[in-house]
file final.cif (mmCIF, C-alpha atoms)
data_work
#
loop_
_atom_site.label_atom_id
_atom_site.label_comp_id
_atom_site.auth_asym_id
_atom_site.auth_seq_id
_atom_site.Cartn_x
_atom_site.Cartn_y
_atom_site.Cartn_z
CA MET A 1 184.48 -64.18 -118.79
CA VAL A 2 181.82 -66.74 -119.70
CA ILE A 3 182.90 -69.05 -122.53
CA THR A 4 179.73 -71.14 -122.68
CA SER A 5 176.68 -71.99 -120.61
CA GLN A 6 174.71 -75.12 -121.47
CA THR A 7 171.90 -77.15 -119.99
CA VAL A 8 172.65 -80.82 -119.32
CA THR A 9 169.80 -83.27 -118.74
CA VAL A 10 169.77 -86.57 -116.86
CA LYS A 11 170.92 -88.16 -120.15
CA GLY A 12 174.35 -86.53 -119.67
CA GLY A 13 176.42 -85.37 -122.61
CA ASP A 14 179.53 -83.48 -123.66
CA ILE A 15 180.43 -79.81 -123.59
CA GLY A 16 183.20 -78.94 -126.00
CA PRO A 17 185.72 -79.02 -127.16
CA ILE A 18 185.88 -75.28 -126.46
CA THR A 19 188.87 -72.97 -126.13
CA VAL A 20 189.54 -71.43 -122.73
CA GLY A 21 192.58 -69.14 -122.58
CA GLY A 22 194.28 -70.98 -125.43
CA THR A 23 193.61 -74.42 -123.93
CA ARG A 24 191.11 -76.89 -125.47
CA VAL A 25 188.59 -77.99 -122.86
CA ASN A 26 186.03 -80.78 -122.91
CA LEU A 27 183.56 -81.86 -120.23
CA SER A 28 182.02 -85.34 -120.28
CA ILE A 29 178.92 -85.68 -118.12
CA PRO A 30 177.79 -89.28 -117.62
CA LYS A 31 174.17 -90.40 -117.73
CA SER A 32 172.45 -89.99 -114.34
CA ALA A 33 175.15 -87.70 -112.92
CA PHE A 34 172.24 -85.40 -112.03
CA ALA A 35 168.63 -86.26 -111.11
CA ALA A 36 167.30 -83.17 -112.92
CA PRO A 37 168.55 -80.76 -115.61
CA VAL A 38 171.45 -78.52 -114.54
CA GLN A 39 173.24 -75.56 -116.10
CA PHE A 40 177.00 -75.84 -116.73
CA THR A 41 178.84 -72.52 -117.09
CA VAL A 42 182.49 -72.55 -118.20
CA THR A 43 184.53 -69.40 -117.54
CA GLU A 44 187.95 -67.86 -118.05
CA PRO A 45 189.26 -64.55 -116.68
CA ALA A 46 189.60 -61.35 -118.64
CA GLN A 47 193.19 -60.96 -117.34
CA ALA A 48 195.96 -62.85 -115.52
CA LEU A 49 195.68 -64.01 -111.90
CA THR A 50 199.29 -64.22 -110.77
CA ALA A 51 198.42 -62.77 -107.35
CA LEU A 52 196.34 -65.79 -106.30
CA PRO A 53 198.02 -68.27 -103.99
CA GLY A 54 199.08 -71.36 -105.86
CA ILE A 55 201.50 -74.24 -105.53
CA PRO A 56 204.94 -73.14 -104.27
CA GLY A 57 207.67 -73.54 -106.88
CA TYR A 58 205.18 -73.78 -109.76
CA THR A 59 203.87 -71.30 -112.34
CA MET A 60 200.18 -71.17 -113.14
CA MET A 61 199.86 -71.62 -116.91
CA ALA A 62 196.19 -72.35 -117.64
CA GLY A 63 192.87 -72.61 -115.90
CA VAL A 64 189.12 -72.98 -116.18
CA GLY A 65 186.16 -72.30 -113.91
CA ILE A 66 183.18 -74.63 -113.95
CA GLN A 67 179.95 -73.73 -112.22
CA VAL A 68 177.02 -76.12 -112.06
CA GLN A 69 173.65 -74.67 -111.14
CA LYS A 70 170.27 -76.18 -110.42
CA ASN A 71 167.27 -73.84 -110.61
CA GLY A 72 169.58 -70.79 -110.72
CA SER A 73 171.57 -71.66 -107.59
CA THR A 74 174.91 -73.39 -107.12
CA TYR A 75 174.39 -77.15 -107.24
CA PRO A 76 174.16 -78.36 -103.62
CA GLY A 77 176.53 -81.08 -102.49
CA LYS A 78 178.19 -83.75 -104.58
CA PHE A 79 177.16 -84.91 -108.05
CA LEU A 80 175.65 -88.40 -108.31
CA LYS A 81 178.49 -89.42 -110.65
CA PRO A 82 181.83 -87.68 -111.36
CA VAL A 83 182.19 -85.41 -114.39
CA THR A 84 185.39 -85.64 -116.46
CA LEU A 85 187.35 -82.54 -117.46
CA THR A 86 189.93 -82.90 -120.23
CA MET A 87 192.32 -80.05 -121.06
CA ARG A 88 194.64 -80.12 -124.09
CA SER A 89 197.55 -77.78 -124.79
CA PRO A 90 201.11 -78.19 -126.08
CA SER A 91 202.26 -76.43 -122.90
CA ILE A 92 200.93 -79.22 -120.64
CA HIS A 93 203.79 -81.56 -119.68
CA PRO A 94 203.88 -84.67 -117.47
CA SER A 95 205.59 -82.60 -114.75
CA ALA A 96 202.56 -80.27 -114.50
CA VAL A 97 200.42 -80.26 -111.37
CA VAL A 98 196.64 -79.78 -111.41
CA GLY A 99 195.34 -77.47 -108.69
CA VAL A 100 191.73 -77.13 -107.54
CA TRP A 101 190.61 -73.99 -105.68
CA ASN A 102 189.73 -74.90 -102.08
CA GLY A 103 188.47 -71.48 -101.01
CA ALA A 104 191.86 -70.12 -99.96
CA THR A 105 194.41 -71.44 -102.46
CA PHE A 106 194.88 -73.90 -105.30
CA ALA A 107 195.55 -77.32 -103.76
CA ALA A 108 197.24 -80.05 -105.79
CA ASP A 109 194.87 -82.77 -106.95
CA ARG A 110 197.04 -85.88 -107.14
CA ASN A 111 194.19 -87.91 -108.70
CA ALA A 112 194.41 -85.96 -111.96
CA THR A 113 196.08 -87.72 -114.88
CA VAL A 114 198.67 -85.51 -116.57
CA GLY A 115 200.58 -86.43 -119.72
CA THR A 116 202.23 -84.76 -122.68
CA GLY A 117 199.77 -82.23 -124.07
CA ALA A 118 196.75 -83.21 -121.99
CA LEU A 119 195.28 -83.79 -118.56
CA ARG A 120 192.17 -85.45 -117.21
CA LEU A 121 190.41 -84.70 -113.94
CA ASN A 122 187.28 -86.29 -112.48
CA PHE A 123 185.28 -84.09 -110.12
CA ASP A 124 181.99 -84.29 -108.23
CA SER A 125 181.44 -80.65 -107.20
CA ASN A 126 181.96 -77.16 -108.68
CA PRO A 127 185.69 -76.76 -109.38
CA ASP A 128 187.99 -73.91 -110.34
CA VAL A 129 190.97 -75.69 -111.90
CA ALA A 130 194.48 -74.42 -112.70
CA VAL A 131 197.43 -76.13 -114.33
CA PHE A 132 200.86 -75.43 -112.83
CA SER A 133 204.29 -76.06 -114.35
CA PRO A 134 207.53 -76.24 -112.36
CA GLY A 135 209.31 -72.87 -112.15
CA GLN A 136 209.03 -69.31 -110.92
CA VAL A 137 206.10 -67.05 -111.79
CA THR A 138 207.56 -64.64 -114.34
CA GLY A 139 204.59 -62.96 -115.95
CA PRO A 140 200.85 -62.91 -116.58
CA VAL A 141 198.91 -66.12 -116.24
CA SER A 142 196.23 -66.77 -118.81
CA GLY A 143 193.24 -68.96 -118.23
CA ALA A 144 193.00 -69.20 -114.42
CA THR A 145 189.44 -68.45 -113.41
CA GLY A 146 186.55 -68.36 -111.04
CA SER A 147 182.86 -68.71 -111.85
CA VAL A 148 181.20 -65.39 -112.47
CA THR A 149 177.53 -66.18 -112.99
CA GLY A 150 174.67 -66.95 -110.66
CA MET A 151 174.97 -67.12 -106.91
CA PRO A 152 178.66 -67.22 -105.93
CA ASP A 153 179.91 -69.89 -103.58
CA ALA A 154 182.56 -69.12 -100.96
CA GLY A 155 185.48 -69.97 -103.28
CA SER A 156 184.12 -67.73 -106.02
CA ALA A 157 183.56 -64.89 -103.55
CA ILE A 158 187.17 -65.12 -102.33
CA LEU A 159 188.37 -65.35 -105.94
CA ALA A 160 186.30 -62.28 -106.86
CA GLY A 161 187.76 -60.39 -103.88
CA ALA A 162 191.29 -61.30 -104.96
CA LEU A 163 190.51 -60.01 -108.44
CA VAL A 164 189.26 -56.69 -107.06
CA LEU A 165 192.28 -56.31 -104.78
CA THR A 166 194.70 -57.04 -107.61
CA GLY A 167 192.90 -54.72 -110.03
CA MET A 168 191.92 -57.46 -112.48
#

call {"tool": "encode", "arguments": {"input": "final.cif", "output": "structure tokens"}}
result
Amino acid sequence: MVITSQTVTVKGGDIGPITVGGTRVNLSIPKSAFAAPVQFTVTEPAQALTALPGIPGYTMMAGVGIQVQKNGSTYPGKFLKPVTLTMRSPSIHPSAVVGVWNGATFAADRNATVGTGALRLNFDSNPDVAVFSPGQVTGPVSGATGSVTGMPDAGSAILAGALVLTGM
């Protein structure tokens, strides 16, 4: 489900804070991160995604999809400067792991900064991000997502297929 879709110019700017699956999300786009205006679309799923492969021994507890488009197509390649994603929730603990969808699974991103109640992740391409807490998966997962607008990239196509197969 699309939460917001906003145009960002070469001047950069902020998107948010917005609420995605109960988690407060903010994007900070630095000046000159893009040479031309781009469209940022932030998404969350309509239902839980427990069937997606994640990080063994961890439970997916929150997530957000971010799609950047230029002229209606997925932004090609890397951004000129990294964008910063901040997520805030009382359920985020220092032991949480941030996973980024790599086209087949969520892979741990050890460069993310995780603390009590918040995390920060810098990225330079379209990410689908999930937050994992230690423990077994015991129920629905809110907030994990894939981009659902525009031309899908390979990761979004696989994510969409997983959603269809799991009935979500």

call {"tool": "residues_near_point", "arguments": {"input": "final.cif", "point": "(189.9, -73.6, -123.4)", "cutoff": "10 Å", "atoms": "only C-alpha atoms", "output": "PyMOL selection string"}}
result
chain A and resi 3+16-26+42-44+62-64+86-89+143

call {"tool": "closest_residue", "arguments": {"input": "final.cif", "among": "A:Gly135, A:Pro30, A:Pro37, A:Gly117", "to": "Lys70 (chain A)", "atoms": "all atoms listed in the file"}}
result
A:Pro37

call {"tool": "closest_residue", "arguments": {"input": "final.cif", "among": "A:Thr116, A:Thr59, A:Ser32, A:Ser125", "to": "His93 (chain A)", "atoms": "only C-alpha atoms"}}
result
A:Thr116

call {"tool": "residues_near_point", "arguments": {"input": "final.cif", "point": "(175.5, -81.1, -115.6)", "cutoff": "7 Å", "atoms": "all atoms listed in the file", "output": "PyMOL selection string"}}
result
chain A and resi 7-9+12+29+34+37-40+68

call {"tool": "resolve_selection", "arguments": {"input": "final.cif", "expression": "the PyMOL selection byres ((chain A and resi 102) around 10)", "output": "number ranges by chain"}}
result
A: 99-101, 103-108, 127-129, 154-156

call {"tool": "write_last_selection", "arguments": {"input": "final.cif", "atoms": "C-alpha atoms", "output": "mmCIF file, in the frame of the given file"}}
result
data_model
loop_
_atom_site.group_PDB
_atom_site.id
_atom_site.type_symbol
_atom_site.label_atom_id
_atom_site.label_comp_id
_atom_site.auth_asym_id
_atom_site.auth_seq_id
_atom_site.Cartn_x
_atom_site.Cartn_y
_atom_site.Cartn_z
ATOM 1 C CA GLY A 99 195.340 -77.470 -108.690
ATOM 2 C CA VAL A 100 191.730 -77.130 -107.540
ATOM 3 C CA TRP A 101 190.610 -73.990 -105.680
ATOM 4 C CA GLY A 103 188.470 -71.480 -101.010
ATOM 5 C CA ALA A 104 191.860 -70.120 -99.960
ATOM 6 C CA THR A 105 194.410 -71.440 -102.460
ATOM 7 C CA PHE A 106 194.880 -73.900 -105.300
ATOM 8 C CA ALA A 107 195.550 -77.320 -103.760
ATOM 9 C CA ALA A 108 197.240 -80.050 -105.790
ATOM 10 C CA PRO A 127 185.690 -76.760 -109.380
ATOM 11 C CA ASP A 128 187.990 -73.910 -110.340
ATOM 12 C CA VAL A 129 190.970 -75.690 -111.900
ATOM 13 C CA ALA A 154 182.560 -69.120 -100.960
ATOM 14 C CA GLY A 155 185.480 -69.970 -103.280
ATOM 15 C CA SER A 156 184.120 -67.730 -106.020
#

call {"tool": "atom_distance", "arguments": {"input": "final.cif", "atom1": "CA of Asp14 (chain A)", "atom2": "CA of Lys31 (chain A)"}}
result
10.6 Å

call {"tool": "residues_around", "arguments": {"input": "final.cif", "residues": "Ser28 (chain A)", "least_positions_apart": "3", "cutoff": "8 Å", "atoms": "only C-alpha atoms", "output": "ChimeraX atom specification"}}
result
/A:12-15,83-85
